[in-house]
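Novice: Next up, protein20.csv (CSV, C-alpha atoms).
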chain,number,residue,atom,x,y,z
A,1,LYS,CA,38.5,0.8,-44.3
A,2,SER,CA,38.1,-1.8,-41.6
A,3,LEU,CA,34.8,-0.3,-40.6
A,4,ARG,CA,31.8,-2.5,-41.5
A,5,PHE,CA,28.3,-1.3,-42.1
A,6,SER,CA,26.6,-4.4,-40.7
A,7,GLN,CA,24.9,-2.0,-38.2
A,8,LEU,CA,23.0,-0.6,-41.1
A,9,THR,CA,21.8,-3.9,-42.5
A,10,LEU,CA,18.3,-3.5,-41.1
A,11,LEU,CA,16.6,-4.9,-44.1
A,12,VAL,CA,13.6,-6.9,-42.8
A,13,VAL,CA,11.1,-8.9,-44.8
A,14,THR,CA,7.6,-7.9,-43.7
A,15,LYS,CA,4.2,-8.9,-44.8
A,16,GLU,CA,3.5,-5.3,-45.9
A,17,PRO,CA,4.7,-4.7,-49.5
A,18,PHE,CA,4.8,-0.9,-49.0
A,19,VAL,CA,7.1,-1.2,-46.0
A,20,ASN,CA,9.4,-3.5,-48.0
A,21,MET,CA,9.5,-1.0,-50.8
A,22,LEU,CA,10.6,1.8,-48.5
A,23,LEU,CA,13.3,-0.4,-47.0
A,24,VAL,CA,14.7,-1.3,-50.4
A,25,GLN,CA,14.7,2.3,-51.5
A,26,PHE,CA,16.6,3.3,-48.3
A,27,VAL,CA,19.2,0.6,-48.6
A,28,THR,CA,19.7,1.3,-52.3
A,29,SER,CA,20.3,5.0,-51.6
A,30,VAL,CA,22.9,4.3,-48.9
A,31,PHE,CA,24.6,1.7,-51.2
A,32,VAL,CA,25.0,4.3,-54.0
A,33,ILE,CA,26.5,6.9,-51.6
A,34,VAL,CA,28.9,4.4,-50.1
A,35,SER,CA,29.9,3.0,-53.5
A,36,LEU,CA,31.1,6.4,-54.5
A,37,PHE,CA,33.8,6.4,-51.9
A,38,ASN,CA,34.8,2.8,-51.2
A,39,CYS,CA,34.1,-0.2,-53.5
A,40,GLU,CA,35.6,-2.8,-51.2
A,41,LEU,CA,33.6,-1.5,-48.3
A,42,CYS,CA,30.5,-1.6,-50.5
A,43,GLU,CA,31.1,-5.2,-51.5
A,44,ALA,CA,31.5,-6.3,-47.9
A,45,TRP,CA,28.4,-4.5,-46.8
A,46,MET,CA,26.3,-5.9,-49.7
A,47,SER,CA,27.5,-9.4,-48.8
A,48,ASP,CA,26.2,-8.9,-45.2
A,49,ILE,CA,22.9,-7.6,-46.6
A,50,SER,CA,22.4,-10.6,-48.9
A,51,THR,CA,23.0,-13.0,-46.1
A,52,SER,CA,20.6,-11.1,-43.8
A,53,PHE,CA,17.9,-10.7,-46.5
A,54,THR,CA,18.0,-14.4,-47.3
A,55,ALA,CA,17.8,-15.6,-43.7
A,56,ARG,CA,14.9,-13.2,-42.9
A,57,SER,CA,13.1,-14.0,-46.1
A,58,ASN,CA,13.2,-17.7,-45.3
A,59,THR,CA,11.9,-17.0,-41.8
A,60,ALA,CA,9.1,-14.7,-43.0
A,61,LEU,CA,8.0,-17.2,-45.7
A,62,HIS,CA,8.1,-20.1,-43.2
A,63,GLU,CA,5.8,-18.2,-40.8
A,64,THR,CA,3.2,-17.4,-43.5
A,65,LYS,CA,-0.2,-19.1,-43.0
A,66,GLN,CA,-2.0,-19.9,-46.2
A,67,ILE,CA,-5.8,-19.8,-45.9
A,68,GLN,CA,-8.3,-21.2,-48.4
A,69,PHE,CA,-11.6,-19.3,-48.3
A,70,SER,CA,-15.0,-18.8,-49.9
A,71,LYS,CA,-16.9,-15.5,-49.9
A,72,TYR,CA,-20.7,-15.4,-49.6
A,73,HIS,CA,-23.2,-12.7,-48.8
A,74,GLY,CA,-26.8,-12.4,-47.6
A,75,LEU,CA,-28.2,-9.3,-49.3
A,76,GLY,CA,-24.8,-7.7,-49.3
A,77,ASN,CA,-24.0,-8.6,-45.7
A,78,ASP,CA,-20.8,-10.4,-46.7
A,79,PHE,CA,-18.7,-13.0,-45.0
A,80,ILE,CA,-15.5,-15.0,-45.4
A,81,LEU,CA,-16.3,-18.7,-45.0
A,82,LEU,CA,-13.7,-21.2,-43.8
A,83,ASP,CA,-13.9,-25.0,-43.9
A,84,ASN,CA,-12.9,-25.7,-40.3
A,85,ARG,CA,-14.7,-29.1,-40.0
A,86,ASP,CA,-11.6,-31.0,-38.9
A,87,ARG,CA,-11.7,-29.3,-35.5
A,88,ALA,CA,-14.1,-27.8,-32.9
A,89,THR,CA,-12.3,-24.4,-32.5
A,90,PRO,CA,-11.6,-21.6,-35.0
A,91,MET,CA,-8.4,-22.0,-37.0
A,92,LEU,CA,-7.9,-18.2,-36.8
A,93,THR,CA,-7.6,-15.7,-34.0
A,94,PRO,CA,-9.8,-12.7,-33.8
A,95,GLU,CA,-6.8,-10.5,-34.8
A,96,GLU,CA,-6.2,-12.6,-37.9
A,97,SER,CA,-9.9,-12.4,-38.7
A,98,VAL,CA,-9.7,-8.6,-38.5
A,99,LYS,CA,-6.9,-8.7,-41.1
A,100,LEU,CA,-8.9,-10.8,-43.5
A,101,CYS,CA,-12.0,-8.5,-43.2
A,102,ASP,CA,-10.0,-5.4,-44.1
A,103,ARG,CA,-11.5,-4.1,-47.3
A,104,ASN,CA,-8.2,-2.4,-48.4
A,105,PHE,CA,-5.5,-4.8,-47.4
A,106,GLY,CA,-7.4,-8.1,-46.9
A,107,ILE,CA,-10.3,-10.0,-48.6
A,108,GLY,CA,-12.9,-7.7,-47.1
A,109,GLY,CA,-16.0,-8.7,-45.2
A,110,ASP,CA,-18.4,-8.0,-42.3
A,111,GLY,CA,-17.1,-11.1,-40.5
A,112,VAL,CA,-15.3,-14.5,-40.7
A,113,ILE,CA,-17.5,-17.6,-40.3
A,114,PHE,CA,-16.0,-21.0,-39.3
A,115,ALA,CA,-17.7,-24.3,-40.1
A,116,LEU,CA,-16.7,-26.4,-37.2
A,117,GLN,CA,-17.2,-29.8,-35.6
A,118,PRO,CA,-20.1,-29.7,-33.2
A,119,SER,CA,-19.4,-30.1,-29.5
A,120,ALA,CA,-23.0,-31.3,-28.9
A,121,ASP,CA,-25.6,-33.4,-30.7
A,122,GLN,CA,-25.9,-31.2,-33.8
A,123,ASP,CA,-24.7,-31.5,-37.4
A,124,PHE,CA,-22.2,-28.6,-37.3
A,125,GLN,CA,-21.0,-25.8,-35.2
A,126,MET,CA,-20.9,-22.1,-36.2
A,127,ARG,CA,-18.6,-19.5,-34.8
A,128,ILE,CA,-18.1,-16.0,-36.2
A,129,TYR,CA,-15.7,-13.1,-35.6
A,130,ASN,CA,-16.9,-9.6,-36.6
A,131,SER,CA,-14.8,-7.3,-38.6
A,132,ASP,CA,-13.6,-5.7,-35.4
A,133,GLY,CA,-12.6,-9.0,-33.8
A,134,SER,CA,-15.5,-9.3,-31.4
A,135,GLU,CA,-17.6,-12.5,-31.4
A,136,PRO,CA,-21.4,-12.3,-31.6
A,137,GLU,CA,-23.7,-15.0,-30.4
A,138,MET,CA,-25.3,-15.6,-33.8
A,139,CYS,CA,-25.9,-14.0,-37.2
A,140,GLY,CA,-29.0,-14.5,-39.3
A,141,ASN,CA,-27.5,-13.7,-42.6
A,142,GLY,CA,-24.4,-15.5,-41.6
A,143,ILE,CA,-26.1,-18.8,-40.8
A,144,ARG,CA,-27.8,-18.7,-44.2
A,145,CYS,CA,-24.4,-18.2,-45.9
A,146,LEU,CA,-23.0,-21.1,-43.8
A,147,ALA,CA,-25.9,-23.4,-44.8
A,148,GLN,CA,-25.3,-22.6,-48.5
A,149,PHE,CA,-21.5,-23.0,-48.0
A,150,LEU,CA,-22.0,-26.5,-46.5
A,151,HIS,CA,-24.4,-27.4,-49.3
A,152,ASP,CA,-21.8,-26.3,-51.9
A,153,LEU,CA,-19.2,-28.4,-50.1
A,154,GLY,CA,-21.4,-31.5,-50.8
A,155,ASP,CA,-23.8,-31.8,-47.9
A,156,GLU,CA,-27.1,-32.5,-49.6
A,157,ARG,CA,-29.3,-32.7,-46.5
A,158,LYS,CA,-32.3,-30.4,-46.9
A,159,SER,CA,-32.1,-29.2,-43.3
A,160,LEU,CA,-29.3,-28.9,-40.7
A,161,THR,CA,-29.1,-28.3,-37.0
A,162,ILE,CA,-26.2,-25.9,-36.3
A,163,GLU,CA,-24.8,-25.2,-32.9
A,164,THR,CA,-24.3,-21.5,-32.2
A,165,LEU,CA,-23.5,-19.5,-29.0
A,166,ALA,CA,-27.2,-18.6,-29.1
A,167,GLY,CA,-28.3,-22.2,-29.1
A,168,PRO,CA,-29.2,-24.6,-32.0
A,169,ILE,CA,-30.5,-23.1,-35.2
A,170,VAL,CA,-32.1,-25.0,-38.1
A,171,PRO,CA,-31.7,-23.7,-41.7
A,172,VAL,CA,-33.8,-25.4,-44.4
A,173,MET,CA,-32.9,-25.3,-48.1
A,174,ASN,CA,-35.9,-24.3,-50.2
A,175,GLU,CA,-36.7,-25.4,-53.8
A,176,ASP,CA,-36.8,-21.7,-54.9
A,177,GLY,CA,-33.1,-21.2,-53.8
A,178,ASN,CA,-34.0,-19.3,-50.7
A,179,ILE,CA,-33.1,-20.6,-47.2
A,180,THR,CA,-35.6,-20.6,-44.3
A,181,VAL,CA,-34.2,-20.5,-40.8
A,182,ASP,CA,-36.0,-21.4,-37.6
A,183,MET,CA,-34.5,-18.7,-35.4
A,184,GLY,CA,-36.1,-20.0,-32.2
A,185,GLU,CA,-38.0,-17.9,-29.7
A,186,PRO,CA,-37.3,-14.3,-29.0
A,187,GLU,CA,-36.2,-13.1,-25.6
A,188,LEU,CA,-38.2,-10.2,-24.4
A,189,VAL,CA,-37.3,-9.9,-20.7
A,190,GLY,CA,-35.4,-6.6,-20.5
A,191,PRO,CA,-32.5,-7.7,-18.2
A,192,LYS,CA,-32.0,-10.8,-20.3
A,193,VAL,CA,-31.6,-8.9,-23.6
A,194,PRO,CA,-29.7,-7.3,-21.8
A,195,THR,CA,-30.7,-3.7,-21.2
A,196,SER,CA,-30.9,-1.6,-18.1
A,197,LEU,CA,-33.9,0.3,-19.4
A,198,PRO,CA,-36.8,-0.2,-17.0
A,199,PRO,CA,-39.3,-2.9,-18.2
A,200,ASN,CA,-42.7,-1.3,-19.1
A,201,GLY,CA,-44.5,-4.2,-20.9
A,202,GLU,CA,-46.0,-7.5,-20.3
A,203,SER,CA,-43.5,-10.1,-18.9
A,204,ASP,CA,-40.9,-7.4,-18.2
A,205,ALA,CA,-40.6,-6.4,-21.8
A,206,VAL,CA,-39.1,-3.1,-22.8
A,207,ILE,CA,-41.4,-1.5,-25.3
A,208,GLU,CA,-40.9,2.0,-26.6
A,209,GLN,CA,-39.1,3.0,-23.5
A,210,ASP,CA,-37.6,6.5,-23.2
A,211,LEU,CA,-33.9,6.9,-23.7
A,212,GLU,CA,-31.7,10.1,-24.0
A,213,CYS,CA,-28.7,9.5,-26.2
A,214,ASN,CA,-26.5,11.6,-28.5
A,215,GLY,CA,-28.5,14.8,-27.5
A,216,LYS,CA,-31.8,13.3,-28.6
A,217,SER,CA,-34.8,11.5,-27.1
A,218,TRP,CA,-35.6,8.0,-28.4
A,219,LYS,CA,-38.3,5.4,-27.8
A,220,VAL,CA,-36.6,2.0,-27.8
A,221,THR,CA,-38.0,-1.5,-27.9
A,222,CYS,CA,-35.5,-4.2,-26.9
A,223,VAL,CA,-35.5,-7.8,-28.3
A,224,SER,CA,-32.9,-10.5,-28.2
A,225,MET,CA,-32.7,-13.1,-31.0
A,226,GLY,CA,-29.7,-14.7,-29.3
A,227,ASN,CA,-28.0,-11.3,-29.7
A,228,PRO,CA,-29.3,-8.0,-28.5
A,229,HIS,CA,-31.3,-5.4,-30.5
A,230,ALA,CA,-32.7,-2.0,-29.9
A,231,VAL,CA,-35.5,-1.1,-32.3
A,232,ILE,CA,-36.5,2.5,-33.0
A,233,PHE,CA,-39.5,3.5,-35.1
A,234,LEU,CA,-39.3,6.7,-37.3
A,235,ASP,CA,-41.7,8.6,-39.5
A,236,ASP,CA,-39.0,9.1,-42.1
A,237,LEU,CA,-36.0,6.8,-42.3
A,238,GLU,CA,-33.9,9.3,-44.3
A,239,LYS,CA,-34.8,12.5,-42.5
A,240,ASP,CA,-35.3,11.7,-38.9
A,241,ILE,CA,-31.8,10.5,-38.0
A,242,ASP,CA,-28.2,11.3,-38.4
A,243,PHE,CA,-27.3,7.6,-39.1
A,244,GLU,CA,-23.5,7.9,-39.0
A,245,SER,CA,-23.7,9.7,-35.6
A,246,ASP,CA,-26.8,8.3,-33.9
A,247,GLY,CA,-26.1,4.6,-34.9
A,248,PRO,CA,-22.7,4.2,-33.1
A,249,ALA,CA,-23.8,6.4,-30.2
A,250,LEU,CA,-26.7,4.1,-29.4
A,251,SER,CA,-24.9,0.9,-30.2
A,252,GLU,CA,-22.0,1.8,-27.8
A,253,ASN,CA,-24.2,3.1,-25.0
A,254,THR,CA,-23.2,0.6,-22.3
A,255,ASP,CA,-25.1,2.5,-19.6
A,256,ALA,CA,-28.3,1.4,-21.3
A,257,PHE,CA,-26.9,-1.7,-23.1
A,258,PRO,CA,-24.2,-3.3,-21.0
A,259,ALA,CA,-23.2,-5.8,-23.8
A,260,ARG,CA,-23.5,-3.1,-26.5
A,261,ILE,CA,-26.3,-3.6,-28.9
A,262,ASN,CA,-27.4,-3.8,-32.6
A,263,VAL,CA,-29.6,-0.8,-33.5
A,264,GLU,CA,-32.4,-0.9,-36.1
A,265,PHE,CA,-34.1,2.2,-37.3
A,266,VAL,CA,-37.5,1.3,-38.8
A,267,GLN,CA,-40.1,3.0,-41.0
A,268,VAL,CA,-43.5,1.3,-41.2
A,269,MET,CA,-44.8,1.1,-44.8
A,270,SER,CA,-47.8,-1.2,-44.2
A,271,ASP,CA,-49.0,-4.0,-41.9
A,272,THR,CA,-46.8,-6.4,-43.9
A,273,HIS,CA,-44.0,-4.2,-45.0
A,274,LEU,CA,-41.2,-2.5,-43.0
A,275,LYS,CA,-38.1,-0.7,-44.1
A,276,MET,CA,-35.0,-0.5,-42.0
A,277,LYS,CA,-31.4,0.6,-41.6
A,278,VAL,CA,-29.1,-1.2,-39.1
A,279,TRP,CA,-26.0,-0.3,-37.2
A,280,GLU,CA,-24.5,-3.6,-36.1
A,281,ARG,CA,-22.5,-4.1,-32.9
A,282,GLY,CA,-19.0,-4.9,-34.0
A,283,ALA,CA,-19.5,-4.3,-37.7
A,284,GLY,CA,-21.1,-0.8,-38.0
A,285,PRO,CA,-23.4,-0.1,-40.9
A,286,THR,CA,-24.2,-3.2,-43.0
A,287,LEU,CA,-26.5,-3.8,-45.9
A,288,ALA,CA,-28.6,-6.4,-44.1
A,289,CYS,CA,-29.0,-8.0,-40.6
A,290,GLY,CA,-31.0,-11.3,-40.3
A,291,THR,CA,-31.5,-11.3,-36.5
A,292,GLY,CA,-32.3,-7.6,-36.7
A,293,THR,CA,-35.1,-8.1,-39.2
A,294,CYS,CA,-36.6,-10.7,-36.8
A,295,ALA,CA,-36.3,-8.4,-33.9
A,296,LEU,CA,-37.9,-5.4,-35.6
A,297,VAL,CA,-40.9,-7.4,-36.7
A,298,ILE,CA,-41.4,-8.6,-33.2
A,299,ALA,CA,-41.0,-5.0,-31.9
A,300,ALA,CA,-43.5,-3.7,-34.4
A,301,ILE,CA,-46.1,-6.2,-33.4
A,302,LEU,CA,-45.5,-5.6,-29.6
A,303,ALA,CA,-45.6,-1.8,-30.0
A,304,GLY,CA,-48.8,-2.0,-32.1
A,305,LYS,CA,-47.2,-0.6,-35.2
A,306,ILE,CA,-48.4,-3.4,-37.4
A,307,ASN,CA,-51.0,-6.2,-37.4
A,308,PRO,CA,-49.8,-8.8,-40.0
A,309,ALA,CA,-52.7,-11.1,-39.2
A,310,GLY,CA,-50.5,-14.2,-39.5
A,311,GLU,CA,-48.9,-13.2,-42.8
A,312,PRO,CA,-45.2,-13.1,-43.2
A,313,VAL,CA,-43.8,-9.5,-43.0
A,314,ARG,CA,-41.5,-8.2,-45.8
A,315,VAL,CA,-38.6,-6.2,-44.5
A,316,THR,CA,-36.7,-4.1,-47.0
A,317,LEU,CA,-33.0,-3.5,-46.1
A,318,PRO,CA,-30.4,-1.6,-48.0
A,319,GLY,CA,-29.3,-4.9,-49.7
A,320,GLY,CA,-32.8,-6.3,-50.5
A,321,ASP,CA,-35.7,-8.0,-48.8
A,322,LEU,CA,-36.1,-10.7,-46.2
A,323,TRP,CA,-39.4,-12.3,-45.0
A,324,ILE,CA,-40.1,-12.8,-41.3
A,325,ASP,CA,-42.9,-14.9,-39.8
A,326,TRP,CA,-43.4,-14.9,-36.0
A,327,LYS,CA,-45.5,-17.9,-35.0
A,328,GLN,CA,-46.7,-16.0,-31.9
A,329,ALA,CA,-49.9,-18.2,-31.5
A,330,GLY,CA,-48.0,-21.4,-32.2
A,331,ASN,CA,-44.6,-22.4,-30.9
A,332,ASN,CA,-43.5,-18.8,-30.6
A,333,HIS,CA,-40.6,-19.4,-33.0
A,334,VAL,CA,-39.5,-16.8,-35.6
A,335,PHE,CA,-38.8,-17.9,-39.1
A,336,MET,CA,-36.6,-15.9,-41.5
A,337,LYS,CA,-36.5,-16.5,-45.3
A,338,GLY,CA,-34.0,-15.1,-47.7
A,339,PRO,CA,-31.1,-15.8,-50.1
A,340,ALA,CA,-27.4,-16.7,-49.5
A,341,THR,CA,-25.2,-16.0,-52.5
A,342,PHE,CA,-21.7,-17.3,-53.4
A,343,ALA,CA,-19.4,-14.5,-54.6
A,344,PHE,CA,-15.9,-16.0,-55.1
A,345,GLU,CA,-13.2,-18.3,-53.6
A,346,GLY,CA,-9.5,-18.3,-53.4
A,347,ASN,CA,-6.3,-18.5,-51.3
A,348,THR,CA,-4.6,-15.9,-49.2
A,349,ASN,CA,-1.7,-15.6,-46.8
A,350,LEU,CA,-1.6,-14.4,-43.3
Before we go any further, please render this structure as C-alpha cells.
Specialist:
Amino acid sequence: KSLRFSQLTLLVVTKEPFVNMLLVQFVTSVFVIVSLFNCELCEAWMSDISTSFTARSNTALHETKQIQFSKYHGLGNDFILLDNRDRATPMLTPEESVKLCDRNFGIGGDGVIFALQPSADQDFQMRIYNSDGSEPEMCGNGIRCLAQFLHDLGDERKSLTIETLAGPIVPVMNEDGNITVDMGEPELVGPKVPTSLPPNGESDAVIEQDLECNGKSWKVTCVSMGNPHAVIFLDDLEKDIDFESDGPALSENTDAFPARINVEFVQVMSDTHLKMKVWERGAGPTLACGTGTCALVIAAILAGKINPAGEPVRVTLPGGDLWIDWKQAGNNHVFMKGPATFAFEGNTNL
C-alpha cells in the first residue's frame, strides 16, 4: 500500500491536441484499473497527477507565443503577413514559419512575409520564409501582397521603396486596384544566375542550353530576377511533361543549379500571350509566381519565341493572369502588374 505511482504520472501538456487526447485516455484507463483494487492508492496517485498537470499546464501556456496575422494572396499564391515594423529582423524563426504554413495544422500558406524596419534608405524591408523554411531573395507575388498589406495598415503613399535581399523594389498602387512593381533589371550572365550550364548567348547568357535530367532532354534558358529561374518551352503544357516528377527533379538539380532553382514550363500562345506552370524552389507547385512570369517573358524574347513589339505580355498562370513589360530598349527594367487580395486575418498560437 505504500507504493506510489508517481512514476506513472507522465501526463504532459503539449501543443498537439491529438497527443493530449491519447495521454488522457491512457491515464484514465490506468486509473480505472487501479481504482478497482485500492481506493487509497488511487486517491494519492490522482493527487500527484493533479499537481503535475497544473504545473505543466502553466508552463506550456506561459511558453505559448500569440501571433496576429493577415492572409493575402496574389492569384492564389498565398502568404501569411506579419506586422513586424517595430524591428529590423523577423519575429519568427524559419521553423516557426513552417508550422504556420502547414495547411493541416497551421494557417496554411506558401510562405510567411515580414513587414520590417528598413536597414537602409528605403521605406520598409521585406523578408520571407518559404513553406519549407528556406529564405528566397525576393517574391513578386509576395511583394504585391506586402504593398497591399501596408496600404491596409494605413500607409496611403501611392508608391513605396521596399528593401529586399535582391535589392530595392518599388511597387505602385494603381487606380484600378492592381499593383505595378518595378522589378529592376534581369540578370542574364549564367554564373550569376547561378547556373553551371555553359553560356551560349550574348553577354554569357544561357539560352535554350541542353540539359539531361530525370531521364529526359531539356532546353533551358536561365534568368535571375533577384532569384534564379530555369525556363523551358513546350509545345503542349499538359502533355509534354510529368509535372510532379520533372518539376522537383529540375528544381533540386544542384549540379546544374548550385542554389537550386525555380522552374517554369511555358507554352507560347501568341506574341503577347504565354501560359505557364511553375515549380517553386522551397514551395513546390504554386498557383502563381511573379518573378517567374518576368523571367519567362525575358526568356521567350531572348529565345526568339515571341516578338511583343513593345506591348505588355499577358502570362496565364493556374491562378490567373499577370502582365509583364520588359523595357529592353529603355532602362532595361521589368514591370509586373497584377492583383493582391486580402483573404482573412486572425490570431494563432505557436
Novice: Skipping near chain neighbours, those fewer than 5 positions away, what residues fall within 12 Å of Pro194 in chain A using all atoms listed in the file, listed as a list in words?
Specialist: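 Neighbouring residues, sequence-local ones excluded: Glu187, Leu188, Val189, Pro199, Asp204, Ala205, Val206, Thr221, Cys222, Val223, Ser224, Met225, Gly226, Asn227, Pro228, His229, Ala230, Thr254, Asp255, Ala256, Phe257, Pro258, Ala259, Arg260, Ile261 and Asn262 of chain A.
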Novice: Using only C-alpha atoms, find the one residue out of A:Ala283, A:Leu165, A:Cys145, A:Leu116 that sits nearest to Val181 in chain A.
Specialist: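 For Val181 in chain A, the nearest of the given residues is A:Cys145.
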Novice: Using all atoms listed in the file, which protein or nucleic acid residues come within 7 Å of His333 in chain A? Drop anything in the same chain fewer than 4 positions from it, and give the result as a VMD selection string.
Specialist: chain A and resid 182 to 185 326 to 327
Novice: So how far away is CA of Gly282 in chain A from CA of Ser251 in chain A, in Å?
Specialist: 9.1 Å
Novice: If we count all atoms listed in the file, what is near Glu163 in chain A at a cut-off of 10 Å, once residues fewer than 5 positions away on the same chain are taken out, given as a PyMOL selection string?
Specialist: chain A and resi 116-127+138+168-170
Novice: Could you check which of A:Met276, A:Leu211, A:Leu250, A:Val263 is closest to Leu234 in chain A, using all atoms listed in the file?
Specialist: A:Met276
Novice: Smallest atom-to-atom distance to Val334 in chain A: which of A:Arg103, A:Asp132, A:Ile298, A:Lys158, using all atoms listed in the file?
Specialist: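 Going through A:Arg103, A:Asp132, A:Ile298, A:Lys158 one by one, the smallest distance to Val334 in chain A is for A:Ile298.
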Novice: CA of Arg87 in chain A to CA of Ala115 in chain A: how many Å, to one decimal?
Specialist: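 The value is 9.1 Å.
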Novice: Ranking A:Arg157, A:His151, A:Arg281, A:Arg144 by minimum distance to Asn253 in chain A and counting all atoms listed in the file, which one comes first?
Specialist: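 The answer is A:Arg281, which sits nearest to Asn253 in chain A.
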Novice: Counting all atoms listed in the file, which residues come within 12 Å of (-6.5, -9.5, -49.2), with the point read in the file's coordinates, and could you list them as a list in words?
Specialist: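 Every residue inside that radius is included here: Lys15, Glu16, Gln66, Ile67, Gln68, Phe69, Ile80, Glu96, Ser97, Val98, Lys99, Leu100, Cys101, Asp102, Arg103, Asn104, Phe105, Gly106, Ile107, Gly108, Gly109, Glu345, Gly346, Asn347, Thr348, Asn349 and Leu350 of chain A.
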Novice: With a distance cut-off of 12 Å and only C-alpha atoms, select the neighbouring residues of Gly304 in chain A, excluding the residue or stretch itself and same-chain residues fewer than 3 positions from it, and output the selection as number ranges by chain.
Specialist: A: 207-208, 221, 233, 268, 271, 296-301, 307-308
Novice: Work out how far CA of Val112 in chain A is from CA of Ser159 in chain A, in Å to one decimal.
Specialist: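 Between CA of Ser159 in chain A and CA of Val112 in chain A the gap works out to 22.5 Å.
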Novice: I need every residue sitting at most 6 Å from the point (-33.8, -4.9, -42.8) (coordinates as in the file, only C-alpha atoms considered), written as a list in words.
Specialist: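 Residues with an atom at most 6 Å from (-33.8, -4.9, -42.8): Met276, Ala288, Thr293, Val315, Thr316 and Leu317 of chain A.
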Novice: Between A:Cys289, A:Leu274, A:Gln209, A:Glu264, single out the one closest to Ala303 in chain A, counting all atoms listed in the file.
Specialist: A:Gln209
Novice: Calculated over all atoms listed in the file, which of the candidates A:Ala329, A:Leu81, A:Met336, A:Ala343 has the smallest distance to Val172 in chain A?
Specialist: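 Residue with the minimum atom-to-atom distance to Val172 in chain A: A:Met336.
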Novice: For Ile113 in chain A, list every protein, DNA or RNA residue within 12 Å, evaluated using all atoms listed in the file, and leave out those in the same chain fewer than 6 positions away; present the list as JSON, numbers by chain.
Specialist: {"A": [69, 70, 71, 72, 73, 78, 79, 80, 81, 82, 83, 84, 85, 89, 90, 91, 92, 93, 94, 97, 100, 101, 125, 126, 127, 128, 129, 130, 131, 133, 135, 136, 137, 138, 139, 140, 141, 142, 143, 144, 145, 146, 147, 149, 150, 164]}
